[in-house]
Each structure stands twice: as structure tokens, then as C-alpha cells.
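J.: What follows is final-v5.txt; its format and atoms are compact mmCIF, C-alpha atoms.
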# COMPACT_ATOMS: atom_id res chain seq x y z
CA GLY A 1 80.75 -4.05 -13.80
CA GLU A 2 79.05 -1.20 -11.99
CA ARG A 3 80.45 2.21 -12.80
CA TYR A 4 82.10 3.77 -9.75
CA VAL A 5 80.91 7.22 -8.65
CA PRO A 6 83.15 8.99 -6.13
CA PRO A 7 81.54 10.61 -3.07
CA PRO A 8 80.52 14.25 -3.51
CA ARG A 9 83.00 16.97 -2.69
CA LYS A 10 82.12 20.01 -0.63
CA LEU A 11 81.97 23.00 -2.95
CA ASN A 12 82.60 26.51 -1.70
CA ALA A 13 79.19 28.15 -1.32
CA GLY A 14 80.47 31.71 -1.00
CA VAL A 15 81.93 34.24 -3.39
CA SER A 16 85.64 33.83 -2.79
CA PHE A 17 88.17 34.44 -5.54
CA GLY A 18 91.92 34.02 -5.31
CA ALA A 19 95.12 34.08 -7.35
CA GLU A 20 94.18 31.08 -9.50
CA HIS A 21 90.96 32.78 -10.61
CA PHE A 22 92.61 36.13 -11.28
CA ALA A 23 95.30 34.40 -13.36
CA GLU A 24 92.79 32.96 -15.83
CA THR A 25 93.36 35.86 -18.21
CA SER A 26 94.33 39.54 -18.36
CA TYR A 27 92.97 42.91 -19.41
CA TYR A 28 93.88 45.24 -22.23
CA PHE A 29 92.57 48.70 -23.07
CA GLU A 30 91.40 49.81 -26.47
CA GLY A 31 89.22 52.69 -27.68
CA GLY A 32 88.25 53.78 -24.17
CA LEU A 33 87.18 50.24 -23.26
CA ARG A 34 88.48 47.67 -20.80
CA LYS A 35 88.62 44.31 -22.56
CA VAL A 36 89.30 40.76 -21.41
CA ARG A 37 91.39 38.38 -23.49
CA PRO A 38 89.40 35.21 -24.30
CA TYR A 39 90.24 32.30 -22.02
CA TYR A 40 89.36 28.69 -21.26
CA PHE A 41 87.08 28.16 -18.30
CA ASP A 42 85.47 25.19 -16.54
CA PHE A 43 81.77 25.14 -15.69
CA ARG A 44 80.84 22.44 -13.20
CA THR A 45 77.75 20.78 -11.77
CA TYR A 46 76.65 17.72 -9.89
CA CYS A 47 74.05 15.54 -11.58
CA LYS A 48 70.55 16.92 -11.04
CA GLY A 49 68.06 14.52 -9.48
CA ARG A 50 65.91 14.36 -12.59
CA TRP A 51 68.94 13.37 -14.71
CA VAL A 52 69.61 10.17 -12.73
CA GLY A 53 69.03 7.10 -14.91
CA ARG A 54 69.10 9.10 -18.14
CA SER A 55 71.92 9.19 -20.66
CA LEU A 56 73.98 12.31 -21.25
CA LEU A 57 72.77 12.29 -24.85
CA HIS A 58 69.14 12.23 -23.71
CA VAL A 59 69.69 15.07 -21.24
CA PHE A 60 71.42 17.20 -23.88
CA GLY A 61 68.74 16.44 -26.45
CA THR A 62 65.72 17.14 -24.25
CA GLU A 63 66.79 19.86 -21.83
CA PHE A 64 69.50 21.77 -23.67
CA ARG A 65 68.31 22.19 -27.22
CA ALA A 66 70.13 25.48 -27.81
CA GLN A 67 72.93 23.34 -29.23
CA PRO A 68 72.69 20.58 -31.83
CA LEU A 69 73.65 17.14 -30.55
CA ALA A 70 76.58 17.27 -32.95
CA TYR A 71 78.05 20.04 -30.81
CA TYR A 72 78.09 17.84 -27.69
CA ARG A 73 79.62 14.98 -29.66
CA ALA A 74 82.32 17.34 -30.90
CA ALA A 75 82.90 18.69 -27.37
CA ALA A 76 83.31 15.12 -26.11
CA ARG A 77 85.77 14.30 -28.92
CA ALA A 78 87.73 17.43 -28.02
CA GLY A 79 88.01 16.33 -24.40
CA ARG A 80 85.90 19.27 -23.20
CA LEU A 81 83.31 17.14 -21.37
CA ARG A 82 84.35 15.27 -18.22
CA LEU A 83 82.43 12.97 -15.93
CA ASN A 84 83.97 12.49 -12.49
CA GLU A 85 87.14 14.04 -13.95
CA GLU A 86 87.37 11.38 -16.69
CA PRO A 87 86.92 12.41 -20.35
CA VAL A 88 83.48 11.52 -21.70
CA ARG A 89 83.86 9.38 -24.82
CA ASP A 90 80.37 7.92 -25.00
CA LEU A 91 77.36 10.23 -24.61
CA HIS A 92 75.13 7.19 -24.09
CA ILE A 93 76.59 6.77 -20.60
CA VAL A 94 73.83 6.69 -17.95
CA LEU A 95 74.05 9.29 -15.20
CA LYS A 96 74.06 8.35 -11.53
CA ASN A 97 73.49 10.27 -8.34
CA ASN A 98 76.53 12.38 -7.34
CA ASP A 99 78.05 12.27 -10.84
CA PHE A 100 80.22 15.35 -11.28
CA LEU A 101 80.21 17.04 -14.69
CA ARG A 102 82.80 19.49 -15.97
CA ASN A 103 82.70 21.36 -19.27
CA THR A 104 85.61 23.43 -20.60
CA VAL A 105 84.57 26.38 -22.73
CA HIS A 106 86.29 29.20 -24.57
CA ARG A 107 84.96 32.28 -22.87
CA HIS A 108 84.57 35.82 -24.22
CA GLU A 109 83.45 38.74 -22.04
CA PRO A 110 81.75 41.95 -23.19
CA PRO A 111 83.88 45.12 -22.92
CA VAL A 112 83.21 47.72 -20.25
CA THR A 113 84.26 51.33 -19.87
CA ALA A 114 87.97 51.91 -19.25
CA GLN A 115 87.17 54.37 -16.47
CA PRO A 116 89.10 53.24 -13.36
CA ILE A 117 87.46 52.21 -10.10
CA ARG A 118 88.20 54.99 -7.61
CA ILE A 119 88.57 54.03 -3.93
CA LEU A 120 86.67 56.56 -1.79
CA ALA A 121 87.50 55.12 1.62
CA GLU A 122 89.20 52.09 3.15
CA ASP A 123 89.84 50.95 6.72
CA GLU A 124 90.03 47.64 8.57
CA GLU A 125 86.27 47.14 8.22
CA VAL A 126 85.12 48.38 4.81
CA VAL A 127 86.18 49.37 1.30
CA VAL A 128 84.10 52.02 -0.45
CA VAL A 129 84.54 52.63 -4.17
CA ASP A 130 83.13 54.86 -6.89
CA LYS A 131 81.86 52.30 -9.41
CA PRO A 132 81.94 53.23 -13.10
CA SER A 133 78.89 52.59 -15.25
CA SER A 134 78.74 49.30 -17.26
CA LEU A 135 80.57 47.22 -14.61
CA PRO A 136 78.64 44.45 -12.79
CA VAL A 137 79.43 44.19 -9.08
CA HIS A 138 80.36 40.49 -9.19
CA PRO A 139 80.41 37.64 -11.75
CA CYS A 140 77.10 37.22 -13.55
CA GLY A 141 75.99 36.06 -16.97
CA ARG A 142 78.83 36.66 -19.43
CA PHE A 143 80.85 38.81 -16.99
CA ARG A 144 83.59 37.47 -14.74
CA HIS A 145 86.86 39.40 -14.98
CA ASN A 146 85.12 42.59 -16.10
CA THR A 147 83.49 42.98 -12.68
CA VAL A 148 84.19 45.17 -9.66
CA ILE A 149 85.09 42.17 -7.48
CA PHE A 150 87.70 40.87 -9.94
CA ILE A 151 89.22 44.26 -10.76
CA LEU A 152 89.59 45.11 -7.07
CA GLY A 153 91.21 41.71 -6.47
CA LYS A 154 93.55 41.82 -9.46
CA GLU A 155 94.53 45.49 -9.48
CA HIS A 156 94.16 46.58 -5.84
CA GLY A 157 94.90 43.35 -3.96
CA LEU A 158 91.48 43.52 -2.24
CA ARG A 159 90.16 39.99 -1.78
CA GLU A 160 87.59 38.12 0.30
CA LEU A 161 85.25 41.11 0.14
CA HIS A 162 81.62 40.82 1.27
CA THR A 163 79.00 42.54 -0.88
CA LEU A 164 76.86 44.84 1.30
CA HIS A 165 74.59 46.19 -1.43
CA ARG A 166 74.44 46.16 -5.20
CA LEU A 167 74.17 48.63 -8.02
CA ASP A 168 72.77 47.86 -11.46
CA ARG A 169 75.50 47.27 -14.01
CA MET A 170 74.73 50.56 -15.79
CA THR A 171 74.50 52.57 -12.53
CA SER A 172 77.62 54.33 -11.24
CA GLY A 173 78.52 55.62 -7.79
CA VAL A 174 79.09 54.68 -4.17
CA LEU A 175 79.52 50.94 -3.60
CA MET A 176 80.42 49.43 -0.23
CA PHE A 177 82.14 46.16 0.67
CA ALA A 178 82.80 44.68 4.10
CA LYS A 179 86.17 43.09 4.83
CA THR A 180 84.87 40.63 7.40
CA ALA A 181 81.73 38.58 7.92
CA ALA A 182 81.09 40.32 11.24
CA VAL A 183 81.04 43.77 9.65
CA SER A 184 78.84 42.45 6.84
CA LYS A 185 76.34 41.07 9.36
CA ARG A 186 76.25 44.33 11.31
CA ILE A 187 75.56 46.47 8.24
CA ASP A 188 73.10 43.91 6.84
CA GLU A 189 71.09 44.36 10.03
CA GLN A 190 70.96 48.11 9.39
CA VAL A 191 69.72 47.43 5.87
CA ARG A 192 66.97 45.10 7.15
CA GLN A 193 65.87 47.71 9.69
CA ARG A 194 65.85 50.37 6.96
CA GLN A 195 68.51 52.45 8.73
CA LEU A 196 70.50 52.88 5.52
CA GLU A 197 69.80 56.10 3.62
CA LYS A 198 70.54 56.07 -0.10
CA GLU A 199 70.68 59.12 -2.33
CA TYR A 200 70.95 59.00 -6.11
CA VAL A 201 71.10 61.65 -8.82
CA CYS A 202 69.98 61.27 -12.43
CA ARG A 203 69.21 63.26 -15.57
CA VAL A 204 65.74 62.69 -16.97
CA VAL A 205 63.74 63.65 -20.03
CA GLY A 206 61.62 66.82 -19.85
CA GLU A 207 60.73 69.29 -17.12
CA PHE A 208 60.36 67.39 -13.86
CA PRO A 209 57.89 68.96 -11.36
CA GLU A 210 59.43 71.47 -8.94
CA HIS A 211 57.58 70.04 -5.95
CA GLU A 212 58.58 66.78 -4.23
CA VAL A 213 57.14 63.72 -5.96
CA VAL A 214 56.51 60.41 -4.18
CA CYS A 215 55.98 57.28 -6.30
CA GLU A 216 54.67 54.13 -4.62
CA GLU A 217 53.80 51.98 -7.63
CA PRO A 218 54.52 48.23 -7.13
CA ILE A 219 57.16 46.73 -9.40
CA LEU A 220 57.07 43.33 -11.13
CA VAL A 221 59.99 41.56 -12.84
CA VAL A 222 59.12 40.87 -16.48
CA SER A 223 62.33 39.05 -17.45
CA TYR A 224 65.34 38.05 -15.41
CA LYS A 225 67.33 37.15 -18.52
CA VAL A 226 67.01 40.55 -20.24
CA GLY A 227 66.62 42.40 -16.94
CA VAL A 228 63.29 44.17 -17.43
CA CYS A 229 60.71 45.26 -14.84
CA ARG A 230 57.48 47.27 -14.98
CA VAL A 231 54.82 48.72 -12.74
CA ASP A 232 52.11 46.16 -12.02
CA PRO A 233 49.54 45.70 -9.22
CA LYS A 234 50.92 42.17 -8.71
CA GLY A 235 54.43 43.53 -8.13
CA LYS A 236 56.30 44.16 -4.89
CA PRO A 237 55.49 47.33 -2.90
CA CYS A 238 58.08 50.11 -3.04
CA GLN A 239 58.52 53.84 -2.57
CA THR A 240 60.79 56.50 -4.09
CA LEU A 241 60.99 60.22 -3.33
CA PHE A 242 62.07 62.61 -6.12
CA GLN A 243 63.22 66.23 -5.94
CA ARG A 244 64.19 68.34 -8.94
CA LEU A 245 67.62 69.96 -8.69
CA SER A 246 67.80 71.77 -12.03
CA TYR A 247 66.21 72.10 -15.49
CA ASN A 248 68.08 73.21 -18.61
CA GLY A 249 65.15 73.63 -20.97
CA SER A 250 65.05 70.02 -22.19
CA THR A 251 66.21 67.74 -19.37
CA SER A 252 66.12 67.81 -15.57
CA VAL A 253 68.55 66.70 -12.89
CA VAL A 254 66.63 64.86 -10.17
CA ARG A 255 67.56 63.74 -6.67
CA CYS A 256 66.22 60.25 -5.87
CA LEU A 257 65.66 58.81 -2.40
CA PRO A 258 64.56 55.15 -2.64
CA ARG A 259 62.92 53.93 0.57
CA THR A 260 62.96 50.32 -0.64
CA GLY A 261 65.40 48.39 -2.82
CA ARG A 262 63.52 46.76 -5.69
CA THR A 263 65.27 45.87 -8.94
CA HIS A 264 65.47 48.94 -11.24
CA GLN A 265 63.18 50.79 -8.82
CA ILE A 266 64.32 54.35 -9.63
CA ARG A 267 64.38 53.72 -13.37
CA VAL A 268 60.92 52.11 -13.46
CA HIS A 269 59.31 54.80 -11.29
CA LEU A 270 60.79 57.60 -13.41
CA GLN A 271 59.48 55.90 -16.56
CA PHE A 272 56.03 55.59 -14.97
CA LEU A 273 56.09 59.32 -14.14
CA GLY A 274 56.84 60.14 -17.77
CA HIS A 275 60.43 61.26 -17.13
CA PRO A 276 62.70 58.30 -18.00
CA ILE A 277 66.45 58.65 -17.62
CA VAL A 278 67.80 60.34 -20.75
CA ASN A 279 69.96 57.47 -21.97
CA ASP A 280 68.37 54.49 -20.22
CA PRO A 281 68.94 51.52 -22.58
CA ILE A 282 65.81 49.74 -21.33
CA TYR A 283 63.20 52.16 -20.00
CA ASN A 284 63.62 54.97 -22.53
CA MET A 285 63.13 52.93 -25.70
CA GLU A 286 60.54 53.07 -28.49
CA ALA A 287 59.58 49.46 -27.69
CA TRP A 288 57.46 50.75 -24.77
CA GLY A 289 55.14 52.58 -27.17
CA PRO A 290 54.59 56.24 -28.10
CA ASP A 291 54.44 57.31 -24.43
CA ARG A 292 57.45 55.16 -23.52
CA GLY A 293 55.57 53.47 -20.66
CA LYS A 294 54.27 56.64 -19.00
CA GLY A 295 51.50 55.81 -16.54
CA GLY A 296 52.11 52.12 -17.10
CA LYS A 297 50.56 52.28 -20.58
CA ILE A 298 52.45 49.84 -22.75
CA GLY A 299 49.85 48.26 -25.05
CA LYS A 300 51.86 45.04 -25.37
CA THR A 301 52.04 41.70 -23.64
CA ASP A 302 55.24 40.98 -21.73
CA GLU A 303 56.39 38.69 -24.54
CA GLU A 304 55.71 41.36 -27.18
CA LEU A 305 57.52 43.96 -25.09
CA LEU A 306 60.63 41.80 -24.66
CA LYS A 307 60.70 40.96 -28.35
CA ALA A 308 60.38 44.63 -29.28
CA LEU A 309 63.16 45.65 -26.88
CA VAL A 310 65.52 43.01 -28.21
CA GLU A 311 64.73 43.85 -31.83
CA GLU A 312 65.32 47.56 -31.19
CA HIS A 313 68.76 46.86 -29.74
CA ARG A 314 69.50 44.29 -32.41
CA SER A 315 68.77 46.87 -35.12
CA LYS A 316 71.18 49.26 -33.41
CA GLN A 317 73.78 46.49 -32.93
CA SER A 318 73.70 47.30 -29.22
CA LEU A 319 72.73 44.00 -27.57
CA GLU A 320 76.03 44.19 -25.65
CA VAL A 321 74.69 47.25 -23.83
CA LEU A 322 72.02 44.98 -22.35
CA GLY A 323 74.75 42.55 -21.30
CA ILE A 324 73.37 39.79 -23.53
CA GLY A 325 74.35 38.30 -26.87
CA GLU A 326 72.59 36.42 -29.62
CA GLU A 327 73.52 33.12 -27.96
CA ASP A 328 71.64 34.14 -24.82
CA LEU A 329 68.53 34.77 -26.87
CA ASN A 330 68.85 31.42 -28.64
CA SER A 331 68.83 29.43 -25.40
CA SER A 332 65.92 27.27 -24.41
CA GLY A 333 64.11 29.82 -22.29
CA GLU A 334 64.29 31.15 -18.79
CA ARG A 335 64.87 28.26 -16.41
CA LYS A 336 64.25 28.53 -12.69
CA ASP A 337 65.38 25.14 -11.53
CA PHE A 338 69.17 25.27 -11.66
CA GLY A 339 69.70 27.76 -8.86
CA ASN A 340 72.88 27.47 -6.86
CA SER A 341 74.31 30.91 -6.50
CA GLY A 342 77.75 31.69 -5.23
CA ASP A 343 76.88 35.21 -4.18
CA CYS A 344 75.98 36.33 -0.69
CA THR A 345 72.40 37.30 -1.44
CA LYS A 346 69.83 35.34 -3.41
CA SER A 347 69.76 32.12 -5.38
CA ALA A 348 70.73 32.09 -9.03
CA GLU A 349 68.73 30.90 -11.97
CA ALA A 350 70.73 29.62 -14.91
CA ASP A 351 70.86 27.06 -17.65
CA PRO A 352 73.99 25.14 -16.61
CA ILE A 353 74.68 23.41 -19.92
CA ASN A 354 74.19 26.20 -22.42
CA GLY A 355 75.44 28.90 -20.10
CA SER A 356 72.38 31.07 -20.60
CA SER A 357 71.61 33.13 -17.55
CA CYS A 358 68.11 34.21 -16.64
CA LEU A 359 69.34 36.40 -13.82
CA PRO A 360 69.37 40.09 -13.10
CA GLU A 361 72.78 41.41 -14.00
CA ASP A 362 74.05 41.28 -10.43
CA LYS A 363 73.58 37.56 -9.76
CA ASP A 364 76.15 34.79 -10.17
CA PRO A 365 75.05 31.84 -12.33
CA GLU A 366 78.51 30.33 -12.60
CA ARG A 367 78.75 28.38 -9.39
CA ASN A 368 78.51 24.61 -9.85
CA ASP A 369 77.08 24.94 -13.36
CA VAL A 370 78.19 23.41 -16.64
CA ALA A 371 77.93 25.67 -19.69
CA ALA A 372 78.95 25.69 -23.32
CA CYS A 373 79.73 28.42 -25.80
CA PRO A 374 76.74 28.25 -28.15
CA LEU A 375 77.19 27.05 -31.68
CA ASN A 376 74.92 28.15 -34.48
CA SER A 377 74.04 26.41 -37.69
CA GLY A 378 76.62 28.44 -39.59
CA ILE A 379 79.42 26.22 -38.29
CA ASN A 380 80.23 23.03 -40.16
CA LEU A 381 80.37 20.54 -37.33
CA GLU A 382 81.64 17.81 -39.64
CA MET A 383 84.88 19.75 -40.02
CA LEU A 384 85.46 20.04 -36.29
CA ASP A 385 87.52 16.88 -35.93
CA LYS A 386 89.97 18.15 -38.53
CA GLU A 387 90.13 21.61 -36.97
CA LEU A 388 90.59 20.22 -33.47
CA SER A 389 93.46 18.05 -34.60
CA LEU A 390 95.10 21.06 -36.25
CA CYS A 391 94.59 23.34 -33.25
CA GLY A 392 95.54 20.75 -30.69
CA ASN A 393 93.30 19.44 -27.97
CA GLN A 394 92.55 22.11 -25.35
CA ASP A 395 91.70 19.38 -22.86
CA GLY A 396 91.13 21.27 -19.64
CA GLN A 397 93.19 24.18 -20.91
CA THR A 398 92.96 27.34 -18.83
CA GLY A 399 94.69 30.66 -18.57
CA GLU A 400 95.77 32.88 -21.44
CA LYS A 401 97.33 30.16 -23.59
CA GLY A 402 94.59 30.13 -26.19
CA TRP A 403 93.48 33.73 -26.48
CA GLU A 404 95.36 34.48 -29.69
CA GLU A 405 94.01 31.49 -31.62
CA LYS A 406 90.42 30.89 -32.60
CA ASP A 407 88.69 27.99 -30.93
CA PRO A 408 86.86 25.68 -33.36
CA LEU A 409 84.02 25.05 -30.89
CA CYS A 410 83.43 28.71 -30.02
CA VAL A 411 80.88 30.77 -31.93
CA GLU A 412 82.27 33.99 -30.45
CA CYS A 413 85.57 33.34 -32.20
CA ARG A 414 83.70 33.32 -35.52
CA THR A 415 81.51 36.33 -34.81
CA SER A 416 82.38 39.89 -35.72
CA ARG A 417 80.86 42.35 -33.25
CA ARG A 418 80.75 46.11 -33.14
CA ASP A 419 82.28 47.40 -29.92
CA PRO A 420 80.03 49.75 -27.97
CA SER A 421 81.36 53.28 -27.66
CA PRO A 422 82.34 54.46 -24.16
CA LYS A 423 79.40 56.89 -24.39
CA GLU A 424 76.96 54.00 -24.88
CA LEU A 425 78.22 52.41 -21.66
CA VAL A 426 77.29 55.37 -19.46
CA MET A 427 73.80 55.81 -18.04
CA PHE A 428 72.87 59.02 -16.23
CA LEU A 429 72.08 57.42 -12.87
CA HIS A 430 74.59 57.77 -10.04
CA ALA A 431 74.62 56.62 -6.39
CA LEU A 432 75.72 59.85 -4.71
CA ARG A 433 75.55 59.07 -0.98
CA TYR A 434 75.12 56.12 1.37
CA LYS A 435 74.55 56.81 5.06
CA GLY A 436 74.18 54.34 7.94
CA ALA A 437 73.94 54.57 11.71
CA ASP A 438 77.69 55.13 12.09
CA PHE A 439 78.99 55.98 8.60
CA GLU A 440 78.40 58.21 5.59
CA TYR A 441 80.14 57.98 2.22
CA CYS A 442 79.74 60.35 -0.73
CA SER A 443 81.09 60.59 -4.24
CA SER A 444 81.42 63.72 -6.33
CA MET A 445 78.61 64.89 -8.59
CA PRO A 446 79.08 63.44 -12.10
CA GLU A 447 79.76 65.84 -14.96
CA TRP A 448 76.41 65.15 -16.65
CA ALA A 449 74.57 66.24 -13.46
CA MET A 450 76.04 69.73 -13.40
CA GLU A 451 73.49 72.50 -13.82
CA ASP A 452 75.29 74.00 -16.84
CA TRP A 453 75.84 70.64 -18.61
For this file, produce the structure as C-alpha cells.
T.:
Amino acid sequence: GERYVPPPRKLNAGVSFGAEHFAETSYYFEGGLRKVRPYYFDFRTYCKGRWVGRSLLHVFGTEFRAQPLAYYRAAARAGRLRLNEEPVRDLHIVLKNNDFLRNTVHRHEPPVTAQPIRILAEDEEVVVVDKPSSLPVHPCGRFRHNTVIFILGKEHGLRELHTLHRLDRMTSGVLMFAKTAAVSKRIDEQVRQRQLEKEYVCRVVGEFPEHEVVCEEPILVVSYKVGVCRVDPKGKPCQTLFQRLSYNGSTSVVRCLPRTGRTHQIRVHLQFLGHPIVNDPIYNMEAWGPDRGKGGKIGKTDEELLKALVEEHRSKQSLEVLGIGEEDLNSSGERKDFGNSGDCTKSAEADPINGSSCLPEDKDPERNDVAACPLNSGINLEMLDKELSLCGNQDGQTGEKGWEEKDPLCVECRTSRRDPSPKELVMFLHALRYKGADFEYCSSMPEWAMEDW
């Protein structure tokens, strides 16, 4: 009478996407935006050690409270929850070691700018592109198909690429990929030995000093989920050199030479100096106080700061610019114990049941994680059985089959959102040049950085 648990399978630990992944859905363009048609997607995980001996219902009720238990019952009735590839009919089933969970969700991705990815250089070793603003480098949080990796694979036939460095989602400019592991290892060694020179350009508020400015303030991550950092003595050491290129009477164009690679380093240092990037959606906001964080003066606790930032974007209906939605904010907090990243850098931190990511925007929380489209109290769960029977059971459904119809379990299908304008998806920070021991790649100066702009 013992329930059989199959032996664990070996899951691919690297970022490797192929035809089956690219075929999940397709793009369309509207109002200057690149959009992804909603699609069905499977999140997967092996049973965590602390879940062994507990029922699915107990795990859902104690660890994943972003959803009511009625949601999980409805998901089970719809055939969306699977245990060892068998549909879960009874949530009282007790979990065992090596149990494999799969959850099928209806997935919506935020729009990004329709600006194409321009290939700057390509040979047998590397691909170098000019990344538009608003595009994450690889799958993270709510982004999958609207990422550089997926667009290069689907539209340019470039697959099995190795990420050599990353750019923030809102940062544009030179982005390099290696075509082989050997090339990746060679360039990674240059990065570790600080042989890689990086040059950025940005437009900042006010009249930046004419002389060279060096900022060495340590930077601390405040929130992985929202993606916020600040200067703090407990932070990691870093250094950025700044040189003013022009001043038009109200804003300055500044050359930035980061000597280290901390998260949001240039943006945080510019804010500290009192010259935040003109349209920075995080570090040039009223939430930081009357001085907008100049000199590290905030006057708020981290929790108060995050709340103020979110409320400011919520009032402007611009949460999408942060790469988060209401469902991300309703999750059960920032977890740090579900890390199993599929990227080639650091471990991920994600809530595998509710799909809430507490990662910087360039991490990949999808790998081996179960997630669910959040459901709020505005949905009548008692009507789900009827709706599911009318819509048909999307048991394991993938691809584009369901994008035209609304999914009864998906809150996004019932939510009306304002699309960001293409202008909102551009931040005036651009990676202009990357130089190594045996290479140098440059992009053209963006329009907003011209002296007469």
C-alpha cells in the first residue's frame, strides 16, 4: 500500500533553450511595444526536505498563503497540479522525498519596447548586441519570452549562448555573449582579474561638476524583489569614476567608468552625489525624500522606503516599469530558501508555489520551481468548476492554444492594465563600450546623450 515515488531525474542546471521553449508562444507589436501572447507554462520542483511527511494542503496553507486554499483545490480539480506526473486529486496526500511537483499556469508577460536588438558583432566565439532598454538579459521574474536570450534564439537563430556579463533591465547598450564554454571561461577570467574596462554614458539631473568625481561609497541591497539598493557602511565596497561631457542648463551628460560591478552601482552612486539619472524609475523618485537620497539622507527605514516607492508607482499606474505586478506584492514575503537558478552566475531566490520572485531583475527563478498565477479575493472560486467545464480542461496545455480565451484560474486574465508608453520604458543609462585584453566593442551614442538634445 506504499505510494511509489520514482527515482529523481537529472534536471538541466544550465540556461539552455531550444525549439520547444521558443514555440510556447509568439510576439506581436502594438503601440511601440513588443508583447507576448499569454500561454500555458509548467513550473516544476522536487519536494523540499522540510515538506517531507507533510500534506500538500498543509504546505500550501502554511508556506504559500498568497493564495486561498480554495485556489489550490480548484487548480487540482482543473488538472493543473501533478505529483510524479499524475494528476493530484487529493491535497491531503503526504509528500515523500524525491516527489516531483508540476504546476501548469496561464502566464502573462509585461510588454517591453519594440526597439529591435541590433547585432554589433558576431564571429565563431562571441555575439555582441546593442540591448534596448526595458529588456531583461535572460528569464527572470515575470519575463521569459520578452528577454534578450529568447529574442536572439527565436528571431536570429542564436542559441546555447553563454552570458558573459549583465545589464540592468532598464539599461541599454553593449551586451556580450560567448558561443562556447571555453570562450566564456576565458573572458570570465578577465572579468575576475579586472581586465575588462566598461564605459557608460547617462543623463543626470542638474549641473554635474566639471572635474573628475570618484565615488567609493559601499552599496547594500535593500530588496531583491523590487530591486532596490542604497549606500550603507554595511554594503559591499565599490568604486565609480565620473566625468562630465556636457551641460545644457538643466541636465548633464556624464561618462561613467565603474571599477567594480555591484547591482545598480552607477545609479546608486549618482543618486548619492545628488545627480540621479533624469528618468530613473527607482532612484529619482519622491519616495527618497526631499533630497531624493542625496548624501544617503533618506529619513525612512528600508520598509518605509519600499512601501513609499511602491505606492508612488502604484499611484502612477506604473508598477510594470519596475517589472513587478500587484500579485508580486501580495506574495508571502522575500524567501531565500528556494534557490536553484538556471543561469550561469548566482543562485536564485524565489517562491516556487506562488511564483513570486525576490531576485534582481537579471536572475532566473523559473528553474525547477512550481508557481501559480495569483488569485485575489475578487474571484468567485465557487464558480470555477462551472467555468472550467465550459472552457475545457487545460490539463498540461502549452503553446498558443489558449491565448485568445480567458483562463478561469488566472487573475491576469481578469485584470485591466494600462500599458506603459515606450517613453516610460527608456532610462537614460547606456553601456557605450566594453574592452578586454583582446577585444573592444562600442555602440553609437544614444540620441538623448547628444549635446544639443
J.: Rank A:Ala182, A:Leu319, A:Val214, A:Leu135 by their smallest atom-to-atom distance to Leu241 in chain A, using all atoms listed in the file, and report the top residue only.
T.: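 Answer, going by the shortest atom-to-atom distance: A:Val214.
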J.: Check the smallest atom-to-atom distance from each of A:Trp453, A:Phe150, A:Glu124, A:Arg292 to Gly18 in chain A using only C-alpha atoms, then report the winner.
T.: A:Phe150
J.: Looking at A:Met170, A:Val254, A:Val204, A:Glu24, which one is nearest to Ile282 in chain A, with distances taken over all atoms listed in the file?
T.: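 Closest candidate: A:Met170.
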J.: Which value, in Å to one decimal, gives the distance between CA of Lys316 in chain A and CA of Pro422 in chain A?
T.: 15.4 Å
J.: Write out as a list of chain:residue names the residues lying within 12 Å of Ser444 in chain A, counting all atoms listed in the file and excluding same-chain residues fewer than 5 positions away.
T.: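 Once the adjacent positions are removed, what remains is A:Arg118, A:Leu120, A:Val129, A:Asp130, A:Lys131, A:Ser172, A:Gly173, A:Val174, A:Tyr200, A:Val201, A:His430, A:Ala431, A:Leu432, A:Arg433, A:Ala449, A:Met450.
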J.: Write out as an MDAnalysis selection string the residues lying within 12 Å of Gly157 in chain A, counting only C-alpha atoms and excluding same-chain residues fewer than 4 positions away.
T.: chainID A and resid 17:19 22 127 149:153 161
J.: Out of A:Thr62, A:Thr301, A:Thr251, A:Ser443, which residue has the shortest atom-to-atom distance to Ala287 in chain A when counting all atoms listed in the file?
T.: A:Thr301
J.: Can you tell me how far CA of Lys154 in chain A sits from CA of Ala181 in chain A, in Å to one decimal?
T.: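 About the pair CA of Lys154 in chain A and CA of Ala181 in chain A: they are 21.3 Å apart.
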J.: For range 3-9 of chain A, list every protein, DNA or RNA residue within 10 Å, evaluated using only C-alpha atoms, and leave out those in the same chain fewer than 6 positions away; present the list as a PDB file with C-alpha atoms, in the frame of the given file.
T.:
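The new file selection_38.pdb reads:
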ATOM      1  CA  TYR A  46      76.650  17.720  -9.890  1.00  0.00           C
ATOM      2  CA  LEU A  83      82.430  12.970 -15.930  1.00  0.00           C
ATOM      3  CA  ASN A  84      83.970  12.490 -12.490  1.00  0.00           C
ATOM      4  CA  ILE A  93      76.590   6.770 -20.600  1.00  0.00           C
ATOM      5  CA  VAL A  94      73.830   6.690 -17.950  1.00  0.00           C
ATOM      6  CA  LEU A  95      74.050   9.290 -15.200  1.00  0.00           C
ATOM      7  CA  LYS A  96      74.060   8.350 -11.530  1.00  0.00           C
ATOM      8  CA  ASN A  97      73.490  10.270  -8.340  1.00  0.00           C
ATOM      9  CA  ASN A  98      76.530  12.380  -7.340  1.00  0.00           C
ATOM     10  CA  ASP A  99      78.050  12.270 -10.840  1.00  0.00           C
ATOM     11  CA  PHE A 100      80.220  15.350 -11.280  1.00  0.00           C
TER      12      PHE A 100
END
J.: Considering all atoms listed in the file, can you say which of A:Gly299, A:Gly141, A:Gly293, A:Pro281 comes closest to Lys423 in chain A?
T.: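 For Lys423 in chain A, the nearest of the candidates is A:Pro281.
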J.: Rank nothing, just name the residue among A:Arg203, A:His156, A:Arg194, A:Arg34 nearest to Ile266 in chain A, using only C-alpha atoms.
T.: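 Of the candidates, the smallest distance to Ile266 in chain A is held by A:Arg203.
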J.: Do you know which residues are at most 6 Å from Asn103 in chain A counting all atoms listed in the file, after dropping those on the same chain fewer than 4 positions away, and could you put them as a VMD selection string?
T.: chain A and resid 42 to 43 80 to 81 370
